[in-house]
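S.K.: Sharing a structure, written as structure tokens. Questions coming.
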Amino acid sequence: QVQLADSGGGSVQAGGSLKLSCAASGYTSSFYCMGWIRQAPGKEREPVATIDSGGITYYADSVKGRFTISKDNAKNTLSLQMNSLKPEDTAMYYCAADYGRGWGCGPHRPVSMYGVRGQGTQVTVSS
């Protein structure tokens, strides 16, 4: 099974930027849906941004205009550029992927329907 290794988290001040990266042990082109999911302390996991095999992207309202998701099938990587970070962006971020098309690739896909997930990378934004 393809494994995902996410990295790039860290601690930044509000207004700063970070770029998360996710390296797949196999072909990212084989996945129908890839994305980033985050979980803040005491909160449920939520999809932040997703990209499907056709390159169509989805962003949560809270990150629109600030985050950009991209995928490089030649390098088998997924990235999340995060700009203008806010304290409320503080969370553990997970790279996630799935082969199935049944749920689409966006806000209606339950986070439990991502069959492959990275180990997570912590993002902390201080005010």
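Chain identifiers are assigned as A, B, and so on, following the order in which chains appear in the structure tokens; residues are numbered from 1 within each chain, and ligands are numbered from 1 in order of appearance.
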Taking the chain letters and numbering used in this document, name the residues of chain A that DSSP puts in strand (DSSP E or B), as a count of residues only.

M.R.: 60

S.K.: Taking only residues of segment 11-107 of chain A that have an atom at most 6 Å from an atom of segment 117-121 of chain A, what is each one's shortest atom pair and its distance in Å to one decimal, using only C-alpha atoms, in chain and number order, as JSON lines?

M.R.:
```
{"residue": "A:Met92", "atom": "CA", "partner": "A:Thr121", "partner_atom": "CA", "distance": 5.6}
{"residue": "A:Tyr93", "atom": "CA", "partner": "A:Thr121", "partner_atom": "CA", "distance": 5.3}
{"residue": "A:Tyr94", "atom": "CA", "partner": "A:Gly120", "partner_atom": "CA", "distance": 4.4}
{"residue": "A:Cys95", "atom": "CA", "partner": "A:Gly118", "partner_atom": "CA", "distance": 5.2}
{"residue": "A:Ala96", "atom": "CA", "partner": "A:Arg117", "partner_atom": "CA", "distance": 4.3}
```

S.K.: If we count only C-alpha atoms, what is near segment 31-38 of chain A at a cut-off of 7 Å, once residues fewer than 4 positions away on the same chain are taken out, given as a ChimeraX atom specification?

M.R.: /A:45-53,91-101,105

S.K.: Need to verify the contact set: Asn76 of chain A, 12 Å, only C-alpha atoms, exclusion of same-chain residues closer than 3 positions in sequence. Can you return it as a ChimeraX atom specification?

M.R.: /A:2-5,21-31,34,70-73,79

S.K.: Those same residues, written as a short mmCIF file (atom, residue, chain, number, x, y, z; two decimals), in the first residue's frame with N, CA and C atoms?

M.R.:
```
data_model
loop_
_atom_site.label_atom_id
_atom_site.label_comp_id
_atom_site.auth_asym_id
_atom_site.auth_seq_id
_atom_site.Cartn_x
_atom_site.Cartn_y
_atom_site.Cartn_z
N VAL A 2 0.43 2.25 -0.73
CA VAL A 2 1.16 3.51 -0.78
C VAL A 2 1.14 4.16 0.59
N GLN A 3 2.26 4.68 1.01
CA GLN A 3 2.35 5.41 2.28
C GLN A 3 2.63 6.87 2.01
N LEU A 4 2.16 7.71 2.93
CA LEU A 4 2.34 9.15 2.82
C LEU A 4 3.18 9.66 3.98
N ALA A 5 4.12 10.52 3.68
CA ALA A 5 4.97 11.11 4.71
C ALA A 5 4.86 12.62 4.61
N SER A 21 4.57 19.63 2.99
CA SER A 21 4.84 18.72 1.88
C SER A 21 4.44 17.30 2.27
N CYS A 22 4.04 16.56 1.27
CA CYS A 22 3.64 15.16 1.48
C CYS A 22 4.27 14.33 0.37
N ALA A 23 5.10 13.39 0.76
CA ALA A 23 5.76 12.52 -0.20
C ALA A 23 5.08 11.15 -0.18
N ALA A 24 4.70 10.69 -1.35
CA ALA A 24 4.05 9.39 -1.46
C ALA A 24 5.07 8.33 -1.87
N SER A 25 4.91 7.14 -1.32
CA SER A 25 5.83 6.05 -1.65
C SER A 25 5.48 5.41 -2.99
N GLY A 26 4.31 5.81 -3.53
CA GLY A 26 3.88 5.31 -4.83
C GLY A 26 3.42 6.45 -5.70
N TYR A 27 2.59 6.13 -6.66
CA TYR A 27 2.14 7.13 -7.63
C TYR A 27 0.96 7.95 -7.10
N THR A 28 1.15 9.25 -6.99
CA THR A 28 0.04 10.12 -6.60
C THR A 28 -1.02 10.15 -7.68
N SER A 29 -0.64 9.87 -8.90
CA SER A 29 -1.61 9.88 -10.00
C SER A 29 -2.63 8.75 -9.87
N SER A 30 -2.34 7.78 -9.03
CA SER A 30 -3.27 6.67 -8.85
C SER A 30 -4.43 7.02 -7.92
N PHE A 31 -4.27 8.08 -7.15
CA PHE A 31 -5.33 8.49 -6.24
C PHE A 31 -6.37 9.34 -6.95
N MET A 34 -6.81 13.66 -3.16
CA MET A 34 -5.78 13.91 -2.16
C MET A 34 -6.10 15.23 -1.47
N SER A 70 -1.37 21.96 -4.09
CA SER A 70 -0.85 21.60 -5.40
C SER A 70 -0.32 20.17 -5.35
N LYS A 71 -0.31 19.56 -6.52
CA LYS A 71 0.15 18.17 -6.61
C LYS A 71 1.11 18.04 -7.78
N ASP A 72 2.19 17.33 -7.59
CA ASP A 72 3.17 17.09 -8.65
C ASP A 72 3.26 15.58 -8.86
N ASN A 73 2.56 15.11 -9.88
CA ASN A 73 2.55 13.66 -10.13
C ASN A 73 3.91 13.14 -10.60
N SER A 79 1.47 19.32 -1.88
CA SER A 79 1.93 20.45 -1.06
C SER A 79 0.77 21.32 -0.63
#
```

S.K.: Please identify all polymer residues within 7 Å of Gly15 of chain A, counting only C-alpha atoms, omitting same-chain residues fewer than 4 positions from it, and present them as a compact mmCIF listing (two decimals) with all heavy atoms, in the first residue's frame.

M.R.:
```
# COMPACT_ATOMS: atom_id res chain seq x y z
N SER A 84 -0.38 34.10 5.31
CA SER A 84 -1.21 34.91 6.22
C SER A 84 -1.79 34.05 7.33
O SER A 84 -3.00 34.09 7.62
CB SER A 84 -2.34 35.60 5.44
OG SER A 84 -1.82 36.41 4.41
N LEU A 85 -0.95 33.27 7.94
CA LEU A 85 -1.42 32.33 8.96
C LEU A 85 -2.00 33.06 10.17
O LEU A 85 -1.55 34.15 10.54
CB LEU A 85 -0.26 31.42 9.39
CG LEU A 85 0.04 30.29 8.39
CD1 LEU A 85 1.43 29.72 8.63
CD2 LEU A 85 -1.01 29.21 8.49
N LYS A 86 -3.01 32.42 10.75
CA LYS A 86 -3.70 32.97 11.91
C LYS A 86 -3.59 31.99 13.07
O LYS A 86 -3.42 30.78 12.85
CB LYS A 86 -5.18 33.18 11.57
CG LYS A 86 -5.44 34.06 10.37
CD LYS A 86 -6.94 34.12 10.06
CE LYS A 86 -7.20 35.00 8.85
NZ LYS A 86 -8.67 35.07 8.54
```

S.K.: Of the residues A:Tyr59, A:Thr68, A:Glu44, A:Ala74, which is the one nearest to His108 of chain A, using only C-alpha atoms?

M.R.: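 Ranking A:Tyr59, A:Thr68, A:Glu44, A:Ala74 by distance to His108 of chain A, first place goes to A:Tyr59.
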
S.K.: Between A:Ile69, A:Val12, A:Val125, A:Met113, which is the closest to Gln81 of chain A once you count only C-alpha atoms?

M.R.: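 Comparing A:Ile69, A:Val12, A:Val125, A:Met113 against Gln81 of chain A, the winner is A:Ile69.
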
S.K.: In Å, with one decimal, what is the gap from atom CA of Val63 of chain A to atom CA of Ala40 of chain A?

M.R.: 14.5 Å

S.K.: Atom CA of Ser17 of chain A and atom CA of Thr90 of chain A, how far apart in Å?

M.R.: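 Spanning atom CA of Thr90 of chain A to atom CA of Ser17 of chain A is a straight-line distance of 12.4 Å.
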
S.K.: Quick one: DSSP helix (DSSP H, G or I) residues in chain A, as a ChimeraX atom specification?

M.R.: /A:28-30,87-89,111-113

S.K.: Write a file of the just-selected residues containing all heavy atoms, as a PDB file, in the first residue's frame.

M.R.:
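Saved file selection.pdb follows:
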```pdb
ATOM      1  N   THR A  28       1.150   9.255  -6.992  1.00  0.00           N
ATOM      2  CA  THR A  28       0.043  10.121  -6.601  1.00  0.00           C
ATOM      3  C   THR A  28      -1.024  10.149  -7.683  1.00  0.00           C
ATOM      4  O   THR A  28      -2.187  10.409  -7.402  1.00  0.00           O
ATOM      5  CB  THR A  28       0.522  11.541  -6.308  1.00  0.00           C
ATOM      6  OG1 THR A  28       1.289  12.022  -7.427  1.00  0.00           O
ATOM      7  CG2 THR A  28       1.381  11.593  -5.052  1.00  0.00           C
ATOM      8  N   SER A  29      -0.644   9.872  -8.898  1.00  0.00           N
ATOM      9  CA  SER A  29      -1.607   9.879  -9.997  1.00  0.00           C
ATOM     10  C   SER A  29      -2.634   8.753  -9.866  1.00  0.00           C
ATOM     11  O   SER A  29      -3.674   8.779 -10.509  1.00  0.00           O
ATOM     12  CB  SER A  29      -0.888   9.752 -11.339  1.00  0.00           C
ATOM     13  OG  SER A  29      -0.130   8.561 -11.386  1.00  0.00           O
ATOM     14  N   SER A  30      -2.340   7.776  -9.027  1.00  0.00           N
ATOM     15  CA  SER A  30      -3.271   6.671  -8.845  1.00  0.00           C
ATOM     16  C   SER A  30      -4.426   7.020  -7.917  1.00  0.00           C
ATOM     17  O   SER A  30      -5.456   6.338  -7.922  1.00  0.00           O
ATOM     18  CB  SER A  30      -2.536   5.441  -8.295  1.00  0.00           C
ATOM     19  OG  SER A  30      -2.041   5.688  -6.991  1.00  0.00           O
ATOM     20  N   PRO A  87      -3.720  32.472  14.289  1.00  0.00           N
ATOM     21  CA  PRO A  87      -3.672  31.553  15.440  1.00  0.00           C
ATOM     22  C   PRO A  87      -4.680  30.415  15.325  1.00  0.00           C
ATOM     23  O   PRO A  87      -4.403  29.291  15.766  1.00  0.00           O
ATOM     24  CB  PRO A  87      -3.976  32.466  16.625  1.00  0.00           C
ATOM     25  CG  PRO A  87      -3.459  33.807  16.196  1.00  0.00           C
ATOM     26  CD  PRO A  87      -3.762  33.884  14.723  1.00  0.00           C
ATOM     27  N   GLU A  88      -5.824  30.685  14.719  1.00  0.00           N
ATOM     28  CA  GLU A  88      -6.836  29.633  14.576  1.00  0.00           C
ATOM     29  C   GLU A  88      -6.453  28.562  13.560  1.00  0.00           C
ATOM     30  O   GLU A  88      -7.154  27.567  13.417  1.00  0.00           O
ATOM     31  CB  GLU A  88      -8.207  30.229  14.218  1.00  0.00           C
ATOM     32  CG  GLU A  88      -8.187  31.201  13.063  1.00  0.00           C
ATOM     33  CD  GLU A  88      -8.106  32.651  13.511  1.00  0.00           C
ATOM     34  OE1 GLU A  88      -7.310  32.973  14.439  1.00  0.00           O
ATOM     35  OE2 GLU A  88      -8.840  33.483  12.922  1.00  0.00           O
ATOM     36  N   ASP A  89      -5.347  28.749  12.851  1.00  0.00           N
ATOM     37  CA  ASP A  89      -4.836  27.706  11.963  1.00  0.00           C
ATOM     38  C   ASP A  89      -4.013  26.675  12.731  1.00  0.00           C
ATOM     39  O   ASP A  89      -3.608  25.653  12.156  1.00  0.00           O
ATOM     40  CB  ASP A  89      -3.977  28.319  10.857  1.00  0.00           C
ATOM     41  CG  ASP A  89      -4.776  29.191   9.904  1.00  0.00           C
ATOM     42  OD1 ASP A  89      -5.897  28.807   9.543  1.00  0.00           O
ATOM     43  OD2 ASP A  89      -4.255  30.278   9.529  1.00  0.00           O
ATOM     44  N   VAL A 111     -14.026  12.751   6.416  1.00  0.00           N
ATOM     45  CA  VAL A 111     -12.592  12.572   6.643  1.00  0.00           C
ATOM     46  C   VAL A 111     -12.257  11.110   6.872  1.00  0.00           C
ATOM     47  O   VAL A 111     -11.135  10.663   6.650  1.00  0.00           O
ATOM     48  CB  VAL A 111     -12.095  13.431   7.820  1.00  0.00           C
ATOM     49  CG1 VAL A 111     -12.185  14.907   7.462  1.00  0.00           C
ATOM     50  CG2 VAL A 111     -12.873  13.136   9.082  1.00  0.00           C
ATOM     51  N   SER A 112     -13.254  10.320   7.315  1.00  0.00           N
ATOM     52  CA  SER A 112     -13.037   8.892   7.518  1.00  0.00           C
ATOM     53  C   SER A 112     -12.912   8.136   6.205  1.00  0.00           C
ATOM     54  O   SER A 112     -12.522   6.961   6.178  1.00  0.00           O
ATOM     55  CB  SER A 112     -14.190   8.305   8.340  1.00  0.00           C
ATOM     56  OG  SER A 112     -15.423   8.475   7.655  1.00  0.00           O
ATOM     57  N   MET A 113     -13.252   8.780   5.087  1.00  0.00           N
ATOM     58  CA  MET A 113     -13.216   8.123   3.782  1.00  0.00           C
ATOM     59  C   MET A 113     -11.929   8.413   3.029  1.00  0.00           C
ATOM     60  O   MET A 113     -11.900   8.372   1.799  1.00  0.00           O
ATOM     61  CB  MET A 113     -14.431   8.551   2.968  1.00  0.00           C
ATOM     62  CG  MET A 113     -15.758   8.093   3.566  1.00  0.00           C
ATOM     63  SD  MET A 113     -15.798   6.333   3.981  1.00  0.00           S
ATOM     64  CE  MET A 113     -15.677   5.614   2.358  1.00  0.00           C
TER      65      MET A 113
END
```

S.K.: Figure out the distance between atom CA of Leu20 of chain A and atom CA of Val123 of chain A, please, to one decimal in Å.

M.R.: 9.3 Å

S.K.: Considering only C-alpha atoms, can you say which of A:Asn83, A:Arg109, A:Thr77, A:Gln39 comes closest to Tyr58 of chain A?

M.R.: A:Arg109
